$ cat work37.cif   # mmCIF, C-alpha atoms
data_structure
#
loop_
_atom_site.label_atom_id
_atom_site.label_comp_id
_atom_site.auth_asym_id
_atom_site.auth_seq_id
_atom_site.Cartn_x
_atom_site.Cartn_y
_atom_site.Cartn_z
CA MET G 1 7.21 -12.94 -8.80
CA SER G 2 9.70 -11.96 -11.40
CA ASP G 3 13.10 -10.49 -10.76
CA PRO G 4 13.50 -6.72 -10.54
CA MET G 5 14.41 -4.66 -13.59
CA ARG G 6 17.72 -2.94 -13.76
CA ILE G 7 17.14 0.68 -14.65
CA ARG G 8 19.80 3.28 -15.29
CA ALA G 9 18.81 6.87 -15.97
CA GLN G 10 21.50 9.40 -16.76
CA SER G 11 20.90 13.02 -17.51
CA SER G 12 23.22 15.15 -19.60
CA ALA G 13 22.66 18.34 -21.59
CA GLY G 14 18.97 18.47 -20.67
CA GLN G 15 18.21 14.94 -21.79
CA THR G 16 17.77 11.79 -19.79
CA THR G 17 18.87 8.51 -21.29
CA VAL G 18 17.05 5.59 -19.72
CA ARG G 19 18.36 2.06 -20.10
CA VAL G 20 16.30 -0.84 -18.82
CA LEU G 21 17.08 -4.54 -18.52
CA MET G 22 14.03 -6.61 -17.73
CA SER G 23 14.02 -10.17 -16.57
CA HIS G 24 11.57 -12.20 -18.63
CA GLU G 25 11.53 -15.48 -20.56
CA MET G 26 9.82 -14.02 -23.68
CA GLU G 27 8.56 -17.39 -24.94
CA THR G 28 7.59 -17.22 -28.60
CA GLY G 29 5.06 -20.03 -28.56
CA LEU G 30 7.07 -21.78 -31.27
CA ARG G 31 9.57 -23.69 -29.18
CA LYS G 32 8.99 -27.29 -28.14
CA ASP G 33 9.97 -28.94 -24.89
CA ALA G 34 11.78 -32.26 -24.52
CA ALA G 35 8.49 -34.17 -24.88
CA GLY G 36 7.75 -32.43 -28.19
CA LYS G 37 4.96 -30.33 -26.78
CA THR G 38 4.77 -26.70 -27.79
CA ILE G 39 5.62 -24.27 -25.02
CA PRO G 40 2.86 -21.64 -25.00
CA ALA G 41 3.72 -18.03 -25.78
CA TRP G 42 4.51 -15.89 -22.78
CA HIS G 43 5.97 -12.48 -23.33
CA ILE G 44 5.86 -8.86 -22.28
CA GLN G 45 3.05 -7.11 -24.11
CA GLU G 46 3.06 -3.62 -22.79
CA VAL G 47 5.73 -1.32 -21.41
CA VAL G 48 5.14 2.13 -19.97
CA ALA G 49 7.54 4.56 -18.35
CA SER G 50 7.02 7.77 -16.47
CA LEU G 51 9.13 10.65 -15.22
CA ASN G 52 8.08 11.94 -11.78
CA GLY G 53 4.73 10.20 -12.15
CA LYS G 54 3.90 11.60 -15.60
CA GLN G 55 3.75 9.01 -18.36
CA VAL G 56 6.27 9.76 -21.11
CA PHE G 57 6.72 6.48 -22.94
CA SER G 58 4.71 3.47 -23.99
CA ALA G 59 5.36 0.51 -26.21
CA GLU G 60 3.70 -2.67 -27.37
CA TRP G 61 5.83 -5.73 -27.86
CA GLY G 62 5.41 -9.01 -29.66
CA THR G 63 7.15 -12.34 -29.24
CA ALA G 64 10.22 -11.31 -31.23
CA VAL G 65 11.76 -9.12 -28.54
CA SER G 66 14.72 -10.99 -27.06
CA LYS G 67 14.70 -12.88 -23.80
CA ASN G 68 15.52 -10.62 -20.85
CA PRO G 69 14.66 -7.55 -22.93
CA TYR G 70 16.83 -4.49 -23.20
CA LEU G 71 15.29 -1.12 -23.87
CA GLN G 72 16.71 2.35 -24.29
CA PHE G 73 14.88 5.63 -24.78
CA ILE G 74 15.66 9.30 -24.25
CA ILE G 75 13.44 11.66 -22.28
CA LYS G 76 13.50 15.38 -23.08
CA GLY G 77 14.36 17.14 -19.85
CA GLY G 78 14.80 15.45 -16.52
CA LYS G 79 17.51 16.23 -14.00
CA ALA G 80 19.46 14.50 -11.27
CA GLY G 81 17.14 13.39 -8.47
CA ASP G 82 14.10 12.88 -10.71
CA LYS G 83 12.32 9.56 -10.53
CA VAL G 84 11.92 7.31 -13.55
CA SER G 85 9.59 4.37 -13.20
CA VAL G 86 9.05 1.56 -15.67
CA THR G 87 6.18 -0.93 -15.74
CA TRP G 88 5.72 -3.99 -17.90
CA ARG G 89 2.80 -6.35 -18.30
CA ASP G 90 2.97 -9.78 -19.88
CA THR G 91 0.50 -12.04 -21.63
CA LYS G 92 -0.33 -13.79 -18.36
CA GLY G 93 -1.40 -10.47 -16.91
CA GLU G 94 1.52 -10.38 -14.53
CA GLN G 95 3.09 -6.98 -14.09
CA ARG G 96 6.06 -5.37 -12.43
CA THR G 97 7.06 -1.79 -11.71
CA ASP G 98 10.49 -0.58 -10.75
CA GLU G 99 11.82 2.88 -10.09
CA ALA G 100 15.20 4.53 -10.43
CA THR G 101 16.63 7.93 -9.61
CA VAL G 102 18.17 10.00 -12.40
CA ASN G 103 21.85 10.78 -11.95
CA MET E 1 -17.42 9.31 11.67
CA THR E 2 -18.05 10.81 8.27
CA GLN E 3 -14.39 10.45 7.54
CA ARG E 4 -14.52 6.76 8.15
CA ARG E 5 -17.57 6.42 5.96
CA ASP E 6 -15.75 8.28 3.18
CA THR E 7 -12.82 5.96 3.46
CA LEU E 8 -15.12 2.98 3.18
CA LYS E 9 -16.78 4.47 0.13
CA TRP E 10 -13.45 5.04 -1.59
CA GLY E 11 -12.36 1.57 -0.65
CA ALA E 12 -15.37 0.20 -2.49
CA LEU E 13 -14.90 2.46 -5.50
CA LEU E 14 -11.21 1.88 -6.04
CA PRO E 15 -11.37 -1.72 -7.30
CA THR E 16 -14.03 -0.72 -9.82
CA ALA E 17 -11.83 2.05 -11.15
CA LEU E 18 -8.92 -0.36 -11.45
CA GLY E 19 -11.12 -2.88 -13.19
CA ILE E 20 -12.10 -0.35 -15.83
CA GLY E 21 -8.45 0.59 -16.33
CA ALA E 22 -7.49 -3.02 -16.95
CA LEU E 23 -10.35 -3.42 -19.41
CA PHE E 24 -9.17 -0.46 -21.45
CA THR E 25 -5.67 -1.78 -21.94
CA GLN E 26 -7.02 -5.18 -22.87
CA GLU E 27 -9.09 -3.60 -25.61
CA ALA E 28 -6.08 -1.72 -26.89
CA GLN E 29 -4.11 -4.94 -27.08
CA ALA E 30 -6.88 -6.74 -28.89
CA PHE E 31 -6.70 -3.99 -31.50
CA GLU E 32 -3.03 -4.59 -32.34
CA LYS E 33 -3.29 -8.34 -31.81
CA THR E 34 -3.99 -9.01 -35.49
CA ALA E 35 -0.91 -6.97 -36.38
CA PHE E 36 1.29 -9.00 -34.04
CA GLU E 37 -0.12 -12.26 -35.40
CA ALA E 38 0.24 -11.29 -39.07
CA LYS E 39 2.49 -13.57 -41.09
CA THR E 40 3.95 -10.99 -43.48
CA TRP E 41 5.22 -7.51 -42.74
CA THR E 42 2.83 -5.89 -45.22
CA ASP E 43 -0.12 -7.57 -43.48
CA ALA E 44 1.20 -6.43 -40.11
CA LEU E 45 1.39 -2.84 -41.31
CA LYS E 46 -2.02 -3.08 -42.96
CA ALA E 47 -3.52 -4.30 -39.69
CA MET E 48 -2.30 -1.08 -38.11
CA GLY E 49 -3.65 1.02 -40.93
CA VAL E 50 -0.24 1.80 -42.44
CA SER E 51 0.19 1.45 -46.17
CA SER E 52 2.91 2.09 -48.75
CA PRO E 53 5.72 3.51 -46.64
CA THR E 54 8.32 5.53 -48.56
CA GLU E 55 12.04 5.06 -48.02
CA SER E 56 13.62 7.96 -46.22
CA LYS E 57 17.10 9.05 -45.19
CA ASP E 58 15.68 10.90 -42.18
CA LEU E 59 14.83 7.64 -40.49
CA VAL E 60 18.02 5.98 -39.35
CA LEU E 61 18.04 2.27 -38.59
CA ASN E 62 21.03 1.21 -36.60
CA CYS E 63 21.89 -2.48 -36.52
CA PRO E 64 24.80 -4.80 -37.25
CA ASP E 65 25.48 -6.25 -40.75
CA ILE E 66 26.04 -9.70 -39.32
CA ALA E 67 24.46 -11.12 -36.19
CA GLU E 68 26.27 -14.10 -34.74
CA ASN E 69 23.41 -15.00 -32.46
CA GLY E 70 19.92 -14.58 -33.88
CA ALA E 71 18.42 -14.66 -30.40
CA VAL E 72 19.92 -11.30 -29.50
CA VAL E 73 20.18 -8.79 -32.33
CA PRO E 74 20.54 -5.16 -31.26
CA ILE E 75 18.36 -2.76 -33.25
CA ALA E 76 17.91 0.97 -32.90
CA ALA E 77 16.03 3.65 -34.78
CA SER E 78 16.06 7.41 -34.67
CA CYS E 79 14.30 9.96 -36.81
CA ALA E 80 15.33 13.55 -37.41
CA SER E 81 12.12 14.87 -38.94
CA PRO E 82 9.41 16.13 -36.59
CA GLY E 83 5.86 14.79 -36.32
CA VAL E 84 6.59 11.11 -35.73
CA LYS E 85 3.76 9.27 -34.00
CA LYS E 86 5.03 5.71 -33.83
CA ILE E 87 8.14 3.71 -34.56
CA ILE E 88 7.55 0.12 -35.61
CA PHE E 89 10.21 -2.57 -35.86
CA LEU E 90 9.74 -5.51 -38.23
CA VAL E 91 11.83 -8.51 -39.23
CA ASP E 92 10.75 -9.71 -42.68
CA LYS E 93 11.36 -13.46 -42.44
CA ASN E 94 10.35 -14.06 -38.83
CA PRO E 95 7.29 -16.28 -38.26
CA SER E 96 5.53 -13.13 -37.06
CA PRO E 97 7.36 -10.12 -38.48
CA LEU E 98 6.09 -7.43 -36.12
CA VAL E 99 8.57 -7.00 -33.28
CA ALA E 100 7.58 -3.90 -31.38
CA ILE E 101 5.64 -0.65 -31.55
CA PHE E 102 7.02 2.41 -29.77
CA ASN E 103 4.62 5.28 -29.21
CA VAL E 104 6.24 8.68 -29.44
CA SER E 105 5.10 11.36 -27.00
CA GLU E 106 6.14 15.00 -26.89
CA ASP E 107 8.29 14.21 -23.87
CA ILE E 108 10.70 11.85 -25.56
CA LEU E 109 13.10 11.88 -28.48
CA VAL E 110 12.52 9.61 -31.45
CA ASN E 111 15.39 7.36 -30.52
CA PHE E 112 14.80 3.81 -29.33
CA SER E 113 16.99 0.76 -28.94
CA THR E 114 16.11 -2.79 -28.10
CA ARG E 115 17.08 -6.33 -29.00
CA THR E 116 15.19 -8.67 -31.26
CA LYS E 117 15.14 -12.34 -32.21
CA MET E 118 15.72 -13.38 -35.82
CA SER E 119 15.01 -16.84 -37.19
CA GLN E 120 17.24 -16.39 -40.25
CA THR E 121 19.05 -13.89 -42.45
CA SER E 122 16.47 -11.27 -43.35
CA ASP E 123 15.62 -7.66 -43.97
CA VAL E 124 14.99 -5.66 -40.83
CA MET E 125 12.77 -2.61 -41.08
CA ALA E 126 12.00 0.43 -39.02
CA VAL E 127 8.79 2.19 -39.98
CA ALA E 128 7.97 5.68 -38.75
CA VAL E 129 4.28 6.59 -38.79
CA MET E 130 3.90 10.36 -39.02
CA GLN E 131 1.15 12.53 -37.53
CA ASP E 132 -0.12 13.37 -41.02
CA GLY E 133 -0.55 9.70 -41.92
CA ARG E 134 2.57 9.31 -44.06
CA ALA E 135 4.90 6.45 -43.30
CA LEU E 136 8.67 6.30 -43.68
CA VAL E 137 10.67 3.12 -43.86
CA SER E 138 14.31 2.24 -43.48
CA LYS E 139 15.54 -1.24 -44.40
CA LYS E 140 18.69 -3.22 -43.81
CA GLU E 141 19.65 -6.85 -44.30
CA ILE E 142 21.17 -8.60 -41.31
CA LYS E 143 22.98 -11.88 -41.87
CA VAL E 144 22.27 -14.37 -39.13
CA THR E 145 24.73 -17.18 -38.52
CA LEU E 146 22.69 -18.89 -35.77
CA GLY E 147 18.89 -18.69 -35.71
CA GLY E 148 17.04 -17.39 -32.68
CA CYS E 149 13.69 -19.12 -32.97
CA GLY E 150 12.93 -22.77 -32.31
CA GLY E 151 14.58 -25.01 -29.74
#
$ encode --input "work37.cif" --output "structure tokens"
Amino acid sequence: MSDPMRIRAQSSAGQTTVRVLMSHEMETGLRKDAAGKTIPAWHIQEVVASLNGKQVFSAEWGTAVSKNPYLQFIIKGGKAGDKVSVTWRDTKGEQRTDEATVN
Amino acid sequence: MTQRRDTLKWGALLPTALGIGALFTQEAQAFEKTAFEAKTWTDALKAMGVSSPTESKDLVLNCPDIAENGAVVPIAASCASPGVKKIIFLVDKNPSPLVAIFNVSEDILVNFSTRTKMSQTSDVMAVAVMQDGRALVSKKEIKVTLGGCGG
């Protein structure tokens, strides 16, 4: 199982800024290992986020997003104590969800 | 007793529901797969049904002029005009130019940041697809001193 995401959600002036650091290799499928064999692509394909259980954000990613991806988006509304949850799914079908409280 | 039967019934139904859910997302991915595999940025946009984007000052692309490390290049886009449906990031000279697609909902601002990999010095583009089918583009060249693809 992959490492947990680090999620920070801060609300100010009626907006909630969400910053996420995910832990993922994000293999492009172009790199070669020591034996000269191509390392198959393995990256996050889909990211969704929700505020208090309601989906507010979704994205589709390719191989060109950096290793251990960083993501920032701003939710309209949201206040201290609200729950922000983020889910990603990679090309191997593995997925991970983490939740943070807005402050 | 009925209660227990109900629970059993739901227990049997739930995996089916989940299965359908998984199928749906897989189909959605297959749809954009051609776009992510496209070798030029125009092909990638075409695969998503976007053609001839116009340059616009409303769409702001925020990124450095020079990236020391091509493996981690911060990029951000925001758009002031209303009616944006999607924000797409592309790096012209990458082996596959399409980086990411961000879907805009009414609950979020059109303001996204992430980090991308760049193989070499190239134009970076943010494309905003509007509700009415128009597309805006904002371009900037980023100089890369150390490539981020390949071993």
$ residues_near_point --input "work37.cif" --point "(20.0, 8.7, -43.4)" --cutoff "10 Å" --atoms "all atoms listed in the file" --output "list in words"
Glu55, Ser56, Lys57, Asp58, Leu59, Val60, Leu61, Ser78, Cys79, Ala80 and Ser138 of chain E
$ closest_atom_pairs --input "work37.cif" --of "chain G" --to "chain E" --cutoff "8 Å" --atoms "all atoms listed in the file" --output "Markdown table"
| residue | atom | partner | partner_atom | distance |
| --- | --- | --- | --- | --- |
| G:Thr28 | CA | E:Cys149 | CA | 7.7 |
| G:Leu30 | CA | E:Gly150 | CA | 6.0 |
| G:Arg31 | CA | E:Gly150 | CA | 4.7 |
| G:Lys32 | CA | E:Gly151 | CA | 6.2 |
| G:Asp33 | CA | E:Gly151 | CA | 7.8 |
| G:Val56 | CA | E:Asp107 | CA | 5.6 |
| G:Phe57 | CA | E:Ser105 | CA | 6.6 |
| G:Ser58 | CA | E:Asn103 | CA | 5.5 |
| G:Ala59 | CA | E:Phe102 | CA | 4.4 |
| G:Glu60 | CA | E:Ile101 | CA | 5.0 |
| G:Trp61 | CA | E:Ala100 | CA | 4.3 |
| G:Gly62 | CA | E:Val99 | CA | 5.2 |
| G:Thr63 | CA | E:Val99 | CA | 6.8 |
| G:Ala64 | CA | E:Val99 | CA | 5.0 |
| G:Val65 | CA | E:Thr116 | CA | 4.4 |
| G:Ser66 | CA | E:Thr116 | CA | 4.8 |
| G:Lys67 | CA | E:Ala71 | CA | 7.8 |
| G:Pro69 | CA | E:Arg115 | CA | 6.6 |
| G:Tyr70 | CA | E:Thr114 | CA | 5.2 |
| G:Leu71 | CA | E:Thr114 | CA | 4.6 |
| G:Gln72 | CA | E:Ser113 | CA | 4.9 |
| G:Phe73 | CA | E:Phe112 | CA | 4.9 |
| G:Ile74 | CA | E:Leu109 | CA | 5.6 |
| G:Ile75 | CA | E:Ile108 | CA | 4.3 |
| G:Lys76 | CA | E:Ile108 | CA | 5.1 |
| G:Gly77 | CA | E:Asp107 | CA | 7.8 |
$ closest_residue --input "work37.cif" --among "G:Lys37, G:His24, G:Lys92, G:Lys79" --to "Leu51 (chain G)" --atoms "only C-alpha atoms"
G:Lys79
$ residues_around --input "work37.cif" --residues "region 96-98 of chain G" --least-positions-apart "4" --cutoff "6 Å" --atoms "all atoms listed in the file" --output "PyMOL selection string"
chain G and resi 85-88
$ residues_around --input "work37.cif" --residues "Gly81 (chain G)" --least-positions-apart "3" --cutoff "9 Å" --atoms "all atoms listed in the file" --output "list in words"
Gly78, Thr101, Val102 and Asn103 of chain G
$ atom_distance --input "work37.cif" --atom1 "CA of Leu21 (chain G)" --atom2 "CA of Met5 (chain G)"
5.6 Å
$ resolve_selection --input "work37.cif" --expression "the PyMOL selection byres ((chain G and resi 89) around 8)" --output "PDB file with C-alpha atoms, in the frame of the given file"
ATOM      1  CA  ILE G  44       5.860  -8.860 -22.280  1.00  0.00           C
ATOM      2  CA  GLN G  45       3.050  -7.110 -24.110  1.00  0.00           C
ATOM      3  CA  GLU G  46       3.060  -3.620 -22.790  1.00  0.00           C
ATOM      4  CA  VAL G  47       5.730  -1.320 -21.410  1.00  0.00           C
ATOM      5  CA  THR G  87       6.180  -0.930 -15.740  1.00  0.00           C
ATOM      6  CA  TRP G  88       5.720  -3.990 -17.900  1.00  0.00           C
ATOM      7  CA  ASP G  90       2.970  -9.780 -19.880  1.00  0.00           C
ATOM      8  CA  THR G  91       0.500 -12.040 -21.630  1.00  0.00           C
ATOM      9  CA  GLY G  93      -1.400 -10.470 -16.910  1.00  0.00           C
ATOM     10  CA  GLU G  94       1.520 -10.380 -14.530  1.00  0.00           C
ATOM     11  CA  GLN G  95       3.090  -6.980 -14.090  1.00  0.00           C
ATOM     12  CA  ARG G  96       6.060  -5.370 -12.430  1.00  0.00           C
TER      13      ARG G  96
END
$ atom_distance --input "work37.cif" --atom1 "CA of Leu136 (chain E)" --atom2 "CA of Pro53 (chain E)"
5.0 Å
$ residues_around --input "work37.cif" --residues "Asp123 (chain E)" --least-positions-apart "2" --cutoff "8 Å" --atoms "all atoms listed in the file" --output "list in words"
Val91, Asp92, Lys93, Thr121, Met125, Lys139, Lys140, Glu141 and Ile142 of chain E
$ resolve_selection --input "work37.cif" --expression "the PyMOL selection byres ((chain E and resi 146) around 6)" --output "JSON, numbers by chain"
{"E": [69, 70, 144, 145, 147]}
$ atom_distance --input "work37.cif" --atom1 "CA of Val48 (chain G)" --atom2 "CA of Met22 (chain G)"
12.7 Å
$ residues_near_point --input "work37.cif" --point "(4.8, 12.3, -13.6)" --cutoff "10 Å" --atoms "only C-alpha atoms" --output "ChimeraX atom specification"
/G:49-56,82-85
$ closest_residue --input "work37.cif" --among "G:Pro40, G:Ala80, G:Pro4, G:Ala34" --to "Val20 (chain G)" --atoms "all atoms listed in the file"
G:Pro4
$ closest_residue --input "work37.cif" --among "G:Ser12, G:Ser2, G:Thr38, G:Asn68" --to "Glu25 (chain G)" --atoms "all atoms listed in the file"
G:Asn68
$ axis_aligned_box --input "work37.cif" --around "region 85-94 of chain G" --padding-each-side "3 Å" --output "AutoDock Vina command-line options"
--center_x 4.1 --center_y -4.7 --center_z -17.4 --size_x 17.0 --size_y 24.2 --size_z 14.4
$ decode --input "work37.cif" --residues "region 18-29 of chain G" --atoms "N, CA and C atoms" --output "PDB file, in the first residue's frame"
ATOM      1  N   VAL G  18      -6.812  24.126  -1.006  1.00  0.00           N
ATOM      2  CA  VAL G  18      -6.416  22.757  -0.681  1.00  0.00           C
ATOM      3  C   VAL G  18      -5.084  22.464  -1.362  1.00  0.00           C
ATOM      4  N   ARG G  19      -4.127  22.016  -0.580  1.00  0.00           N
ATOM      5  CA  ARG G  19      -2.831  21.627  -1.124  1.00  0.00           C
ATOM      6  C   ARG G  19      -2.616  20.154  -0.811  1.00  0.00           C
ATOM      7  N   VAL G  20      -2.236  19.398  -1.810  1.00  0.00           N
ATOM      8  CA  VAL G  20      -2.077  17.960  -1.636  1.00  0.00           C
ATOM      9  C   VAL G  20      -0.700  17.526  -2.133  1.00  0.00           C
ATOM     10  N   LEU G  21      -0.035  16.715  -1.354  1.00  0.00           N
ATOM     11  CA  LEU G  21       1.198  16.056  -1.798  1.00  0.00           C
ATOM     12  C   LEU G  21       0.938  14.564  -1.782  1.00  0.00           C
ATOM     13  N   MET G  22       0.997  13.951  -2.937  1.00  0.00           N
ATOM     14  CA  MET G  22       0.766  12.519  -3.015  1.00  0.00           C
ATOM     15  C   MET G  22       2.103  11.806  -3.094  1.00  0.00           C
ATOM     16  N   SER G  23       2.093  10.555  -2.724  1.00  0.00           N
ATOM     17  CA  SER G  23       3.318   9.784  -2.788  1.00  0.00           C
ATOM     18  C   SER G  23       3.167   8.738  -3.887  1.00  0.00           C
ATOM     19  N   HIS G  24       3.805   8.994  -5.023  1.00  0.00           N
ATOM     20  CA  HIS G  24       3.680   8.064  -6.144  1.00  0.00           C
ATOM     21  C   HIS G  24       4.878   8.177  -7.072  1.00  0.00           C
ATOM     22  N   GLU G  25       5.290   7.047  -7.635  1.00  0.00           N
ATOM     23  CA  GLU G  25       6.470   7.019  -8.512  1.00  0.00           C
ATOM     24  C   GLU G  25       6.275   7.805  -9.815  1.00  0.00           C
ATOM     25  N   MET G  26       5.070   7.742 -10.401  1.00  0.00           N
ATOM     26  CA  MET G  26       4.778   8.389 -11.672  1.00  0.00           C
ATOM     27  C   MET G  26       5.785   7.999 -12.765  1.00  0.00           C
ATOM     28  N   GLU G  27       5.896   6.693 -13.008  1.00  0.00           N
ATOM     29  CA  GLU G  27       6.783   6.200 -14.067  1.00  0.00           C
ATOM     30  C   GLU G  27       6.224   6.564 -15.431  1.00  0.00           C
ATOM     31  N   THR G  28       7.090   7.072 -16.307  1.00  0.00           N
ATOM     32  CA  THR G  28       6.618   7.527 -17.610  1.00  0.00           C
ATOM     33  C   THR G  28       6.480   6.399 -18.619  1.00  0.00           C
ATOM     34  N   GLY G  29       7.178   5.288 -18.377  1.00  0.00           N
ATOM     35  CA  GLY G  29       7.204   4.235 -19.378  1.00  0.00           C
ATOM     36  C   GLY G  29       8.299   4.457 -20.399  1.00  0.00           C
TER      37      GLY G  29
END
